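Note sheet for the following structure.
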Amino acid sequence: PASAGLTDMATALSYFYLLPSDWGIGDVGLSSSQLNISVAQKDNHGLDATLTAWLHRYPEIAALFDKETGQFSMPIKAKHDAVWFQLGNYPETLRDTLLTIGASTVTRSIAPSIGEVKQWHYTVKFDDVPFALLKTLAHVLTDKPVFIDTITVSQGAFYTYISFEMTLTLEGLTHES
C-alpha cells in the first residue's frame, strides 16, 4: 500500500538526513516492497569512523545497513486487506488531490480490468519539496486502494528537499456488483 511505503521512506530519510557531514544520501528508491537507500562519501572524503559512529548511534538503521556496499535495505511489511473499494469518482479525485498538494505533473491511464476490478496507473512527479511531504502524502492515501509500483527520489535544491517520481496503481470497483 502506498501509505505504508511513503511513511517508511519518510521515517528512514529522517535518519539519513542526520548523516555526518562527510557522507550524503545517494540513490533512494522503493520497488517490489523493498526500500533502498545508499550513502556516498562527499568529495571522496567520507571517513569510515564517522559512518561507524553514526551507525552505532542508530542501531535500528545499522541492523539493515550493509557497510561494505553503503546500502540500506528494508522490506515494507504492510499488508493489503482483501477488500474491494467502491471507487465512485475517486480516480479523478486522486489526480486532483496530487496536484493540489504540489505535484508538478500527474498522468493517469486506464489499465486492463481484472474481472470487475478496474485499475488506473498514475505517474506523479514532485519537484523540490520538503521530504516531510512523503508523510503528508502517506496520510492522504491512508485506507485508500492505492499502491506504489515504483518511486525514485533525488536530492532537491535545498538540504532536506527532494524531488521524486512515482508510479501508483489505483484499483477497485466502479459499480455495485
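Within each chain, counting starts at residue 1; across the C-alpha cells, chains are named A, B, ... in the order shown, with ligands numbered 1 upward in that order.
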Compile the contact shell of segment 47-52 of chain A as a PyMOL selection string: residues with an atom at most 7 Å away, counting only C-alpha atoms, same-chain residues fewer than 2 positions apart removed.
chain A and resi 20+22+45+54-56
Contacts of segment 73-75 of chain A within 8 Å, only C-alpha atoms, excl. fewer than 5 positions in-chain, as a count of residues only:
7
Quick one: residues within 10 Å of Asp96 of chain A, only C-alpha atoms counted, chain neighbours fewer than 6 positions away excluded, as a VMD selection string?
chain A and resid 90 103 106
Resulting file, chosen residues, N, CA, C and O atoms, as a PDB file, in the first residue's frame:
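Generated output (again_1.pdb):
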```pdb
ATOM      1  N   TYR A  90     -13.342   8.593  -7.284  1.00  0.00           N
ATOM      2  CA  TYR A  90     -12.002   8.684  -6.698  1.00  0.00           C
ATOM      3  C   TYR A  90     -10.870   8.710  -7.739  1.00  0.00           C
ATOM      4  O   TYR A  90      -9.864   9.392  -7.505  1.00  0.00           O
ATOM      5  N   ALA A 103       2.123  18.246  -6.670  1.00  0.00           N
ATOM      6  CA  ALA A 103       2.722  17.501  -7.777  1.00  0.00           C
ATOM      7  C   ALA A 103       2.923  18.438  -8.963  1.00  0.00           C
ATOM      8  O   ALA A 103       2.059  19.262  -9.267  1.00  0.00           O
ATOM      9  N   VAL A 106       0.978  15.012 -13.167  1.00  0.00           N
ATOM     10  CA  VAL A 106       0.257  13.772 -12.867  1.00  0.00           C
ATOM     11  C   VAL A 106      -0.347  13.293 -14.178  1.00  0.00           C
ATOM     12  O   VAL A 106      -1.086  14.023 -14.824  1.00  0.00           O
TER      13      VAL A 106
END
```
With a distance cut-off of 7 Å and only C-alpha atoms, select the neighbouring residues of segment 160-169 of chain A, excluding the residue or stretch itself and same-chain residues fewer than 5 positions from it, and output the selection as a ChimeraX atom specification.
/A:119-131,146-155
As an mmCIF file with all heavy atoms, in the first residue's frame, please: the residues near Ala132 of chain A (cut-off 10 Å, only C-alpha atoms, same-chain neighbours under 3 positions excluded).
```
data_model
loop_
_atom_site.group_PDB
_atom_site.id
_atom_site.type_symbol
_atom_site.label_atom_id
_atom_site.label_comp_id
_atom_site.auth_asym_id
_atom_site.auth_seq_id
_atom_site.Cartn_x
_atom_site.Cartn_y
_atom_site.Cartn_z
ATOM 1 N N LEU A 6 5.315 5.114 1.745
ATOM 2 C CA LEU A 6 5.695 6.519 1.896
ATOM 3 C C LEU A 6 6.053 6.853 3.341
ATOM 4 O O LEU A 6 7.002 7.597 3.605
ATOM 5 C CB LEU A 6 4.567 7.417 1.395
ATOM 6 C CG LEU A 6 4.304 7.338 -0.110
ATOM 7 C CD1 LEU A 6 2.989 8.008 -0.462
ATOM 8 C CD2 LEU A 6 5.462 7.925 -0.897
ATOM 9 N N THR A 7 5.315 6.295 4.298
ATOM 10 C CA THR A 7 5.618 6.519 5.709
ATOM 11 C C THR A 7 6.989 5.956 6.056
ATOM 12 O O THR A 7 7.807 6.637 6.691
ATOM 13 C CB THR A 7 4.539 5.877 6.600
ATOM 14 O OG1 THR A 7 3.289 6.501 6.322
ATOM 15 C CG2 THR A 7 4.877 6.026 8.071
ATOM 16 N N MET A 9 9.472 5.348 4.048
ATOM 17 C CA MET A 9 10.517 6.102 3.359
ATOM 18 C C MET A 9 10.802 7.418 4.080
ATOM 19 O O MET A 9 11.963 7.781 4.284
ATOM 20 C CB MET A 9 10.133 6.373 1.909
ATOM 21 C CG MET A 9 11.215 7.129 1.150
ATOM 22 S SD MET A 9 10.829 7.325 -0.588
ATOM 23 C CE MET A 9 11.279 5.697 -1.192
ATOM 24 N N ALA A 10 9.773 8.127 4.491
ATOM 25 C CA ALA A 10 9.963 9.392 5.203
ATOM 26 C C ALA A 10 10.697 9.172 6.524
ATOM 27 O O ALA A 10 11.602 9.938 6.876
ATOM 28 C CB ALA A 10 8.621 10.071 5.447
ATOM 29 N N THR A 11 10.329 8.123 7.248
ATOM 30 C CA THR A 11 10.988 7.829 8.522
ATOM 31 C C THR A 11 12.464 7.500 8.307
ATOM 32 O O THR A 11 13.330 8.026 9.003
ATOM 33 C CB THR A 11 10.278 6.666 9.235
ATOM 34 O OG1 THR A 11 8.914 7.037 9.464
ATOM 35 C CG2 THR A 11 10.952 6.328 10.550
ATOM 36 N N LEU A 13 14.387 8.341 5.743
ATOM 37 C CA LEU A 13 15.111 9.535 5.293
ATOM 38 C C LEU A 13 15.409 10.483 6.446
ATOM 39 O O LEU A 13 16.448 11.147 6.459
ATOM 40 C CB LEU A 13 14.320 10.267 4.206
ATOM 41 C CG LEU A 13 14.443 9.691 2.803
ATOM 42 C CD1 LEU A 13 13.480 10.394 1.841
ATOM 43 C CD2 LEU A 13 15.873 9.785 2.276
ATOM 44 N N SER A 14 14.524 10.543 7.444
ATOM 45 C CA SER A 14 14.783 11.421 8.582
ATOM 46 C C SER A 14 16.061 11.016 9.307
ATOM 47 O O SER A 14 16.791 11.862 9.803
ATOM 48 C CB SER A 14 13.592 11.458 9.534
ATOM 49 O OG SER A 14 13.412 10.228 10.182
ATOM 50 N N VAL A 129 10.471 19.533 -3.042
ATOM 51 C CA VAL A 129 9.504 19.620 -1.950
ATOM 52 C C VAL A 129 10.181 19.120 -0.674
ATOM 53 O O VAL A 129 11.116 18.317 -0.739
ATOM 54 C CB VAL A 129 8.238 18.785 -2.248
ATOM 55 C CG1 VAL A 129 7.477 19.355 -3.443
ATOM 56 C CG2 VAL A 129 8.561 17.315 -2.472
ATOM 57 N N LYS A 135 5.237 12.076 4.271
ATOM 58 C CA LYS A 135 4.306 11.735 5.359
ATOM 59 C C LYS A 135 2.913 12.290 5.073
ATOM 60 O O LYS A 135 1.909 11.633 5.329
ATOM 61 C CB LYS A 135 4.814 12.277 6.690
ATOM 62 C CG LYS A 135 5.971 11.523 7.257
ATOM 63 C CD LYS A 135 5.517 10.556 8.287
ATOM 64 C CE LYS A 135 6.753 10.016 8.992
ATOM 65 N NZ LYS A 135 6.452 9.003 9.940
ATOM 66 N N THR A 136 2.853 13.503 4.556
ATOM 67 C CA THR A 136 1.561 14.094 4.205
ATOM 68 C C THR A 136 0.866 13.251 3.145
ATOM 69 O O THR A 136 -0.322 12.946 3.257
ATOM 70 C CB THR A 136 1.747 15.537 3.686
ATOM 71 O OG1 THR A 136 2.378 16.305 4.709
ATOM 72 C CG2 THR A 136 0.427 16.161 3.285
ATOM 73 N N LEU A 137 1.626 12.873 2.131
ATOM 74 C CA LEU A 137 1.081 12.045 1.063
ATOM 75 C C LEU A 137 0.623 10.690 1.606
ATOM 76 O O LEU A 137 -0.436 10.182 1.234
ATOM 77 C CB LEU A 137 2.129 11.878 -0.031
ATOM 78 C CG LEU A 137 1.716 11.278 -1.346
ATOM 79 C CD1 LEU A 137 0.518 11.985 -1.945
ATOM 80 C CD2 LEU A 137 2.881 11.312 -2.320
ATOM 81 N N THR A 160 17.085 19.438 2.905
ATOM 82 C CA THR A 160 16.043 18.456 3.230
ATOM 83 C C THR A 160 14.907 18.462 2.208
ATOM 84 O O THR A 160 13.812 18.008 2.504
ATOM 85 C CB THR A 160 15.474 18.689 4.644
ATOM 86 O OG1 THR A 160 14.948 20.007 4.711
ATOM 87 C CG2 THR A 160 16.548 18.483 5.707
ATOM 88 N N TYR A 161 15.181 18.960 1.027
ATOM 89 C CA TYR A 161 14.207 18.941 -0.052
ATOM 90 C C TYR A 161 14.551 17.804 -1.006
ATOM 91 O O TYR A 161 15.726 17.474 -1.193
ATOM 92 C CB TYR A 161 14.190 20.266 -0.813
ATOM 93 C CG TYR A 161 13.350 21.329 -0.150
ATOM 94 C CD1 TYR A 161 13.520 21.645 1.190
ATOM 95 C CD2 TYR A 161 12.386 22.006 -0.869
ATOM 96 C CE1 TYR A 161 12.744 22.616 1.800
ATOM 97 C CE2 TYR A 161 11.612 22.988 -0.269
ATOM 98 C CZ TYR A 161 11.794 23.280 1.070
ATOM 99 O OH TYR A 161 11.017 24.229 1.657
ATOM 100 N N ILE A 162 13.515 17.230 -1.573
ATOM 101 C CA ILE A 162 13.700 16.131 -2.514
ATOM 102 C C ILE A 162 12.851 16.374 -3.749
ATOM 103 O O ILE A 162 11.901 17.159 -3.726
ATOM 104 C CB ILE A 162 13.312 14.765 -1.885
ATOM 105 C CG1 ILE A 162 11.841 14.765 -1.423
ATOM 106 C CG2 ILE A 162 14.257 14.392 -0.754
ATOM 107 C CD1 ILE A 162 11.318 13.424 -0.946
#
```
As a ChimeraX atom specification, please: every residue in segment 58-143 of chain A that a backbone DSSP assignment puts in strand (DSSP E).
/A:65-66,71-75,105-114,117-130
Would you please extract all helix (DSSP H, G or I) residues from chain A, as assigned by DSSP on the backbone, and give them as number ranges by chain?
A: 2-16, 42-44, 48-57, 59-62, 90-100, 133-141
Counting only C-alpha atoms, figure out which residue out of A:Leu94, A:Arg57, A:Leu87, A:Ile101 gets nearest to Leu18 of chain A.
A:Arg57
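The interatomic distance for the pair atom CA of Glu116 of chain A and atom CA of Pro145 of chain A works out to 14.9 Å.
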Between atom CA of Thr105 of chain A and atom CA of Gly156 of chain A, measure the distance and give it in Å to one decimal.
16.4 Å
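Here atom CA of Ile25 of chain A and atom CA of Val39 of chain A stand 4.7 Å from one another.
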Considering only C-alpha atoms, return as a ChimeraX atom specification whatever protein or nucleic-acid residues lie within 10 Å of Gly115 of chain A, sequence-local ones (same chain, fewer than 3 positions apart) excluded.
/A:112,118,173
